[in-house]
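Inspection log for the structure reproduced underneath, given as structure tokens.
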Amino acid sequence: MTKLVPVLSAHWDEKDSFTLEAYKRHGGYKASEKALAMDPDAVIQLVKDSGLRGRGGAGFPTGMKWGFIPQGDNKDHYLVVNADESEPGTCKDTPLLMANPHVLIEGCIIACHAIRAKHAFIYIRGEVTHVVRRVNQAIADAYAAGILGNGVDVVLHIGAGAYICGEETALLDSLEGFRGQPRLRPPFPAIAGLYARPTVVNNVESISSVPAIVLNGAEWYQSMGTEKSKGTTLYSLSGHVANPGQFEAPLGITLREILELSGGVRKGHKLKFWTPGGSSTPLFTDEHLDVPLDYEGVAAAGSMLGTKALQIFDETTCVVRAVLRWTEFYKHESCGKCTPCREGTWWLVQILRDLEAGKGTEADLAKLLDLCDNIMGRSFCALGDGATSPITSSIKYFRDEYIAHLTNGGCPFDPVASTLFVGAGA
Amino acid sequence: MSEVAVEMITVVIDGFEVTVPKGTLVIRAAEQLGIQIPRFCDHPLLDPVGACRQCLVDIEINGRAFPKPQASCTIPVETGMIVKTQLTSPVAEKAQRGVMELLLVNHPLDCPVCDKGGECPLQNQAMSTGQGSSRFEGVKRTFEKPINISSQVLLDRERCVLCARCTRFSEQIASDPFITLNERGALQQVGIYENKPFESYFSGNTVQICPVGALTGAAYRFRARPFDLVSTPSACEHCASGCDMRTDVRRGKTLRRLAGEDASVNEEWNCDKGRWAFKYITAVDRLKVPMIRDEAGELVEASWPEALAVAAQGLKATSAAVLVGGRATHEDAYGYSKFARLALGTNDIDFRARVTSDEEREFIAAHVVNSSTTYRDIDKADQVLLVGFEPEEESPIVFLRINKQFRKRALKVISIGSKESVGVEKLKGEFVKVAPGQEAAAISAQKLTDKSVILVGERASESAGVFTAVAALAQSSGAKLAWIPRRAGERGALQAGAIGNLLPGGRPVTDSVARQEIADAWSVNSLPSQIGRSTSEIIASVNSDQIGALLVGGVDPLDLENNKEALAALDKAFVVSLEIAPSAVTSRADVVLPVAAVTEKSGSFLNWEGRARSFDTAVDDSLNRSDLRILSMIAEEMGTSLNLGTVTAAAKEIASIKNWQGEPLKMKTASAPAQRQLNSNEALITSWRRLLDLGTLQEGEENLAGTARQTVAVISAKRAQALGVANGDLLKVSTAQGSVTLPALIENIHDDAIWAPRNSRGSQLLTDLNAVHAEVVTVVRA
Amino acid sequence: MAFSPEDLKIMDSIIKRYPRPRSAIMPLLHFVQSKAGYVTNEGIELIAKQLDLEAAEVTAVSTFYTQYKPSAIGEYHVGVCTNTLCAVMGGDAIFASLKDHLGIENDGVTEDGKVSLEHIECNAACDYAPVVMANWEFYDNQTVESAKELVDSMRAGSPKPPTRGPNKLVTWKEASAVLAGLNDGLANEGVQAGQPTLLGLKLSKEGK
């Protein structure tokens, strides 16, 4: 068996892959036909049995989430698809929707049937005009073909630039027309989500994985992956590699394997650090090349699988600069609701800027870590926690490099060396 | 609604057990034990938000510990819960200290010039939970220093800790979301929409609940340090809502007033008028010494004995009547009531210094006096019917209470009137639109139940048949009924018998048993038995020479209908005026006796519920005496003893007189007038007083006045089209008496009607038009 | 500018997408930008009126999201990703050179009103780094030179087409209409995927 197993990505190489015609050519909307003929609870059971877990980062079992929706409560239920892909390094849902929006629509139909919802919302980030066009057109085509509008309505909701809206309750507030700030939990969305009604919030890739599961069965899906991390998923390789891109493989593949089959780190360089699942997941180094990239394997090694956004940095990259930039990102994206995240990220940036400029003392590293301790687990939502991950993990692995900035009186790295166009006359 | 037994839950906090009702938040369960968990965003009357993270504690439930500290302001107690606060958990202690440090990172060190200094939750909790010195060495976030978000409220964004108490209050309590959190992250800030200031009637509450000095009131800025103030519990004199208040005085001068706490009345809120309109007390032209009119007709200063003698002589010499304004305290009103009967031997007394009707007097004698509808009844109501009453304008705490139930459980509100108000819109009320004067039929058509509450305002007296219809509806449905006058003293004056048809405790003057009970209490043989004259009858009787003298306390003749006649009567009669400041009465009086303002005396008001709202003297060294004391002195001079030397004595006597247990007075029915036929340039006027207007107790409060609603003339779209006017075009509204010219505003109003504020700048309808409701006015494009 | 009766009809249709009107606030703000170029007070007040909200509530939302602009920007709004990965791989250099080349700072607009510049956060195209966006269309694998050529083409009135997008770059206002959920009929233009997106699939077909 090959290491790469394209399921979601199987037909992306066809020029018209995003059209209804192309989708149907490969069995599109057969799964929803099949699912609609099933008892909704049986659909939930099927998804539970498949072992599918949330692909948005947290890895919560999808079928179990669906099962939390109260039944027979005479209330409207909602499905909300999180397409607000914004975690630095994460770039899987966007190409998926550009190449094949119909698989998401079909997944929505199946999920709505399972949770007894009539309404699905796709919350897509606003900074991807062409992807918005593709999804909107796909929805229009599905309505025109009678696929939508007969029991399930899908509304595309377009964001406007706020990373925090990837947090499910902030997303719901945003979708309701408020500032995208996270809500108190409980109540959880399964009880009181959109418009205070029972709501499932799932990632694009999770919902898009459902049609294949329905068509091919839970056993087929279960047969791939590792003990507790089933199925295939999209790994996004980026950064200082010979060939970046999307790699769909069963869960549990290692970075070493992906690098080997894709051509490795960029020529003449070696791996320095990487993120397994976006910038909010603690950094890994070349020690971690053989960590199985599944939920348990990455967690055991001290990080999180997250969105499987493998950002690769080679030895030309200054880790302090990298971390500073991520911290600036968190500061920019902090919603402002809670003190630790709002004030903490703002302060972290100031300290890191000084450190990068070679100002300060080693005691500032202790202060930085203590500050992270006061933010991590003290903030309203996970954004604050995520902001501390690159800092604490980078100090853990590259403390000497921080100190080198201080002894050197500035950054010892040449930023040009890390660009792609180094030597190209830029 | 039956009271359901509340489930109690026992939890352990820092090793101590405490049992609290289910649903209690951990932070408040801790309070029960005297354990103070620091907090900023938490407020017991606002929805939990968990934003500031200052109240983090460690929690485990049935042996399962939360992996990280939890915000105790958001977590309800559960059985088996063990809580460790900063007192017993090093993790919670460090978490709290960490949050405090982060809050202070961007907080300016301007405590020495900050109004909040000395009573600042941030300052206090930085002492208890912070560390001695800061580790922050960077550059603090700066904003332009205070910006006016209204003429009354200033915002200092540097001091703000973004607890969102103010924005939550504005949205959740006042339904005035004019201030919001804007921007995000470290730039998040409270703000207004640039073209719409924070002009909420309740804006002052945000200043009071701000846990830092970010929101300040213009009137109090830089005036005092909290520790230099002497605070006295007080009650608000501005309306009949009955707010508990606190008056803060420095060196004999009132510097600010705050909302007090009373869960059954105003909770912790008040309106901006109650908070910020008190300069009238310290106005430079306050009357300080008695005055009498000399032979040349000029008012000249006199000694107390001289003035009292002149007053007594004048009142004795002829038949006299009493006009007492609606702002008298219960005790003072009782004094006027007793004075009229004993010193003057008459029932000619009326506390209603406004547009009134005999129908109203009969209604309040039959259905209001001794009645006991309360705020709690609103809490439990299935629907609330508003008649001749705009709660937001005329009794703002009643509005907040209805709004609370509307937001909590979508309480149904029905308003019968000619123009839909902002308040009713906010309550998403059902607006029953009728032509001015045609309210009675709409009232009769209402379907209420015995869980409903009818709130009828004093303006119901301006349409014949309305009180009759209200009484009949209450009777047929079993609905609770309440009469909510605007002024703070009216319910007390009613209970005190400061009205021609009742003696104290609701005793009909026409009932011999009732008369005898009071005669016994007052140690006299008999009391006058004929129903006394009403305000308008008293004025007419002066002008027809049947009454020769008037004792007037706290009345503005311009509040009366036909106020030209009222002024003529004051010119004609021998007038003894008890007043705090020069007025249209004092300028016509023969004797002027200065009296104490509300902060200068003790006493009580009965709010619309009939609930006593007592207060102490806030300004100790005032030389001014209460009306009661002065009435006693005049009576002595006239040879009658009232035995009411002090407020305490009066209160004791009032308490000894129980409510009338016999048959109340019966009400004669009145019927509604026929609908008027109007020419195309005619309309029926309708109006009410806005909360913030030209009321005399608001004099001198320019910052407050700046937040008043705009003066407009409201017409329907149909009339606007007929007149060819758009919003903002000027309309001229006139009667035989005069005219007002106002910008038009097209809103939801009956096509036959035109609305204008009754007593606002440019629109003082009683004097300008001598028409306030259901009278025909001419409306043309100006 | 004034909103036409036709515009009001479109706004009404946007509101009708949702079970509750307030949900329409974000697409309505995008729509206002499609007409006025940015979030004008007129637009805020109109949305407030249509949704029965206070203008302050609309402002609270519009200022939260970075895509809503408080003042006029360029016909072509250029965003350079300077989040860590793009920055390291050349985004910082691209951004610095564009500022210099256009003579404007971050959030600035060229005097001719053609181009505005903003450094942006991760735009979900990391396998195409360094990434530049124009009116939120993808310009993948940029260099300092290609980025300069791009803005030059905008100023010359014939912008280069996106690498993954329609055959022609639409204007800021036109793109805003798309983000308001209006269909401009261009969905079928452009590639279905770039090479990095297809790399795994290609390798698997090669037996990997």
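Here, A, B, ... name the chains of the structure tokens in the order displayed, residue numbers run from 1 inside each chain, and ligands are numbered from 1 in the same displayed order.
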Dump as CSV the rows for residues of chain B within 7 Å of chain C: closest atom pair and distance in Å with one decimal, only C-alpha atoms counted, ordered by chain and rising residue number.
```
residue,atom,partner,partner_atom,distance
B:Pro177,CA,C:Glu54,CA,6.6
B:Phe178,CA,C:Ala56,CA,5.5
B:Ile179,CA,C:Ala56,CA,6.4
B:Thr180,CA,C:Ala60,CA,5.9
B:Leu181,CA,C:Ala60,CA,5.9
B:Asn182,CA,C:Ala60,CA,4.5
B:Glu183,CA,C:Thr63,CA,4.6
B:Arg184,CA,C:Phe64,CA,5.4
B:Ile192,CA,C:Ala56,CA,5.6
B:Tyr193,CA,C:Ala56,CA,4.4
```
Let's have the selection written as a PDB file, in the first residue's frame, with N, CA and C atoms.
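Done, and the output landed in out.pdb:
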```pdb
ATOM      1  N   PRO B 177     -28.248  50.485  23.972  1.00  0.00           N
ATOM      2  CA  PRO B 177     -26.874  50.115  23.590  1.00  0.00           C
ATOM      3  C   PRO B 177     -26.182  51.215  22.788  1.00  0.00           C
ATOM      4  N   PHE B 178     -26.050  52.368  23.405  1.00  0.00           N
ATOM      5  CA  PHE B 178     -25.389  53.494  22.734  1.00  0.00           C
ATOM      6  C   PHE B 178     -23.891  53.457  22.967  1.00  0.00           C
ATOM      7  N   ILE B 179     -23.442  52.707  23.963  1.00  0.00           N
ATOM      8  CA  ILE B 179     -22.008  52.495  24.140  1.00  0.00           C
ATOM      9  C   ILE B 179     -21.730  51.015  23.919  1.00  0.00           C
ATOM     10  N   THR B 180     -20.625  50.753  23.258  1.00  0.00           N
ATOM     11  CA  THR B 180     -20.293  49.377  22.912  1.00  0.00           C
ATOM     12  C   THR B 180     -18.788  49.210  23.036  1.00  0.00           C
ATOM     13  N   LEU B 181     -18.360  47.964  23.038  1.00  0.00           N
ATOM     14  CA  LEU B 181     -16.937  47.698  22.905  1.00  0.00           C
ATOM     15  C   LEU B 181     -16.602  47.768  21.426  1.00  0.00           C
ATOM     16  N   ASN B 182     -15.608  48.540  21.099  1.00  0.00           N
ATOM     17  CA  ASN B 182     -15.199  48.694  19.712  1.00  0.00           C
ATOM     18  C   ASN B 182     -13.769  48.211  19.542  1.00  0.00           C
ATOM     19  N   GLU B 183     -13.366  48.071  18.264  1.00  0.00           N
ATOM     20  CA  GLU B 183     -12.024  47.575  17.948  1.00  0.00           C
ATOM     21  C   GLU B 183     -11.829  46.217  18.627  1.00  0.00           C
ATOM     22  N   ARG B 184     -10.585  45.745  18.693  1.00  0.00           N
ATOM     23  CA  ARG B 184     -10.384  44.450  19.347  1.00  0.00           C
ATOM     24  C   ARG B 184      -8.983  44.355  19.917  1.00  0.00           C
ATOM     25  N   ILE B 192     -18.766  55.175  21.526  1.00  0.00           N
ATOM     26  CA  ILE B 192     -20.099  55.457  21.003  1.00  0.00           C
ATOM     27  C   ILE B 192     -20.008  55.467  19.478  1.00  0.00           C
ATOM     28  N   TYR B 193     -21.132  55.458  18.811  1.00  0.00           N
ATOM     29  CA  TYR B 193     -21.142  55.785  17.388  1.00  0.00           C
ATOM     30  C   TYR B 193     -20.957  57.292  17.301  1.00  0.00           C
TER      31      TYR B 193
END
```
Should the cut-off be 7 Å, what would the residue list for chain B against chain A look like, counting only C-alpha atoms, as a ChimeraX atom specification? /B:49,51-53,68-69,95,98-99,102-103,138,184-186,188
Written file, previous selection with N, CA and C atoms, as a short mmCIF file (atom, residue, chain, number, x, y, z; two decimals), in the first residue's frame:
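Result went into part.cif, see below:
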```cif
data_model
loop_
_atom_site.label_atom_id
_atom_site.label_comp_id
_atom_site.auth_asym_id
_atom_site.auth_seq_id
_atom_site.Cartn_x
_atom_site.Cartn_y
_atom_site.Cartn_z
N VAL B 49 -19.92 37.25 32.60
CA VAL B 49 -19.18 37.34 31.34
C VAL B 49 -17.81 36.67 31.44
N ALA B 51 -14.86 37.86 31.90
CA ALA B 51 -13.89 38.51 31.03
C ALA B 51 -12.60 38.91 31.74
N CYS B 52 -12.72 39.43 32.95
CA CYS B 52 -11.51 40.00 33.54
C CYS B 52 -10.58 38.92 34.08
N ARG B 53 -11.09 37.77 34.41
CA ARG B 53 -10.33 36.62 34.91
C ARG B 53 -9.68 36.89 36.26
N LYS B 68 -7.56 23.55 35.04
CA LYS B 68 -7.04 24.89 35.23
C LYS B 68 -8.01 25.71 36.08
N PRO B 69 -7.51 26.79 36.67
CA PRO B 69 -8.39 27.59 37.53
C PRO B 69 -9.59 28.12 36.75
N ALA B 95 -2.53 32.80 40.05
CA ALA B 95 -3.33 33.19 38.89
C ALA B 95 -3.91 34.58 39.10
N GLY B 98 -1.23 37.16 38.89
CA GLY B 98 -0.83 37.34 37.49
C GLY B 98 -1.81 38.21 36.72
N VAL B 99 -3.10 37.97 36.94
CA VAL B 99 -4.10 38.77 36.24
C VAL B 99 -4.02 40.22 36.69
N LEU B 102 -1.29 41.97 35.01
CA LEU B 102 -1.61 42.27 33.61
C LEU B 102 -2.59 43.45 33.50
N LEU B 103 -3.51 43.54 34.45
CA LEU B 103 -4.45 44.66 34.42
C LEU B 103 -3.73 45.98 34.64
N GLY B 138 7.99 48.29 29.71
CA GLY B 138 7.73 48.75 28.34
C GLY B 138 6.99 50.08 28.29
N ARG B 184 -10.58 45.75 18.69
CA ARG B 184 -10.38 44.45 19.35
C ARG B 184 -8.98 44.36 19.92
N GLY B 185 -8.75 43.26 20.62
CA GLY B 185 -7.44 43.01 21.19
C GLY B 185 -7.01 44.14 22.11
N ALA B 186 -5.74 44.45 22.06
CA ALA B 186 -5.21 45.49 22.95
C ALA B 186 -5.79 46.86 22.63
N GLN B 188 -8.98 47.25 21.97
CA GLN B 188 -10.41 47.25 22.29
C GLN B 188 -10.70 48.42 23.23
#
```
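Within 6 Å of chain A, and using only C-alpha atoms, the residues found on chain C are Arg22, Ser23, Ile25, Val61, Tyr65, Thr66, Gln67, Thr84, Val88, Met89, Gly90, Cys122, Ala124, Ala125, Cys126, Asp127, Trp136, Glu137, Gly165, Ala187, Gln192, Ala193, Pro196, Thr197, Leu199, Gly200, Ser204, Gly207 and Lys208 of chain C.
Among the candidates B:Ala618, B:Val57, B:Ala464, B:Ala514, the residue lying nearest to Lys658 of chain B is B:Ala514 (atoms considered: only C-alpha atoms).
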Which neighbours of segment 145-151 of chain C fall inside 9 Å, counting only C-alpha atoms, when residues of the same chain fewer than 3 positions from it are skipped, and could you give them as a compact mmCIF listing (two decimals) with C-alpha atoms, in the first residue's frame?
```txt
# COMPACT_ATOMS: atom_id res chain seq x y z
CA ALA A 426 16.85 39.72 -4.63
CA TYR C 76 -6.56 47.30 -5.65
CA VAL C 78 -2.59 44.56 -1.74
CA ILE C 94 8.45 41.95 -0.34
CA PHE C 95 6.54 44.16 2.04
CA SER C 97 10.19 46.80 -1.05
CA LEU C 98 6.54 47.52 -1.88
CA HIS C 101 8.34 51.23 -4.33
CA LEU C 102 4.89 52.75 -3.77
CA LYS C 114 -5.04 52.75 -7.34
CA VAL C 115 -3.14 50.73 -4.76
CA VAL C 132 0.56 38.27 -1.75
CA TYR C 139 -0.84 35.74 -5.94
CA GLN C 142 5.89 35.91 -5.04
CA MET C 154 -2.32 47.84 -11.21
CA ARG C 155 -1.21 51.43 -11.45
CA ALA C 156 -1.03 51.09 -15.21
CA PRO C 159 -3.45 44.32 -13.28
CA LYS C 160 -1.92 40.90 -13.74
CA PRO C 161 -4.42 38.12 -13.10
```
Can you pull out the residues contacting Met224 of chain A? Cut-off 9 Å, using only C-alpha atoms, and skip same-chain residues under 6 positions away; I want them as a count of residues only. 6
* Counting only C-alpha atoms, what is within 8 Å of segment 27-35 of chain B, bar same-chain residues fewer than 3 positions away, as a VMD selection string? -> chain B and resid 13 16 18 to 20 24 55 72 to 73 77
Preceding selection exported with N, CA and C atoms as a compact mmCIF listing (two decimals), in the first residue's frame:
```
# COMPACT_ATOMS: atom_id res chain seq x y z
N ILE B 13 -15.86 25.59 50.61
CA ILE B 13 -14.96 26.63 50.10
C ILE B 13 -13.89 26.90 51.14
N PHE B 16 -14.53 25.38 54.42
CA PHE B 16 -15.77 25.66 55.15
C PHE B 16 -16.96 25.26 54.31
N VAL B 18 -20.76 25.63 53.04
CA VAL B 18 -21.80 26.65 52.94
C VAL B 18 -22.93 26.10 52.09
N THR B 19 -24.15 26.41 52.49
CA THR B 19 -25.33 25.91 51.78
C THR B 19 -26.05 27.09 51.15
N VAL B 20 -26.21 27.01 49.85
CA VAL B 20 -26.78 28.13 49.11
C VAL B 20 -27.80 27.61 48.11
N THR B 24 -26.59 29.48 42.53
CA THR B 24 -25.71 30.51 43.08
C THR B 24 -24.31 30.35 42.48
N CYS B 55 -11.09 36.56 39.15
CA CYS B 55 -11.67 35.77 40.25
C CYS B 55 -11.36 34.28 40.11
N SER B 72 -14.70 32.18 39.07
CA SER B 72 -15.75 31.86 40.04
C SER B 72 -17.01 32.68 39.82
N CYS B 73 -16.94 33.69 38.99
CA CYS B 73 -18.14 34.50 38.71
C CYS B 73 -19.00 33.87 37.64
N VAL B 77 -22.67 26.74 41.75
CA VAL B 77 -22.31 25.68 42.69
C VAL B 77 -22.92 24.36 42.23
```
- Query: Which residues in segment 221-341 of chain A does DSSP call strand (DSSP E or B)? List them as a ChimeraX atom specification.
  - Reply: /A:225,230,232-239,241,245-250,265,271-275,284-285,309-314
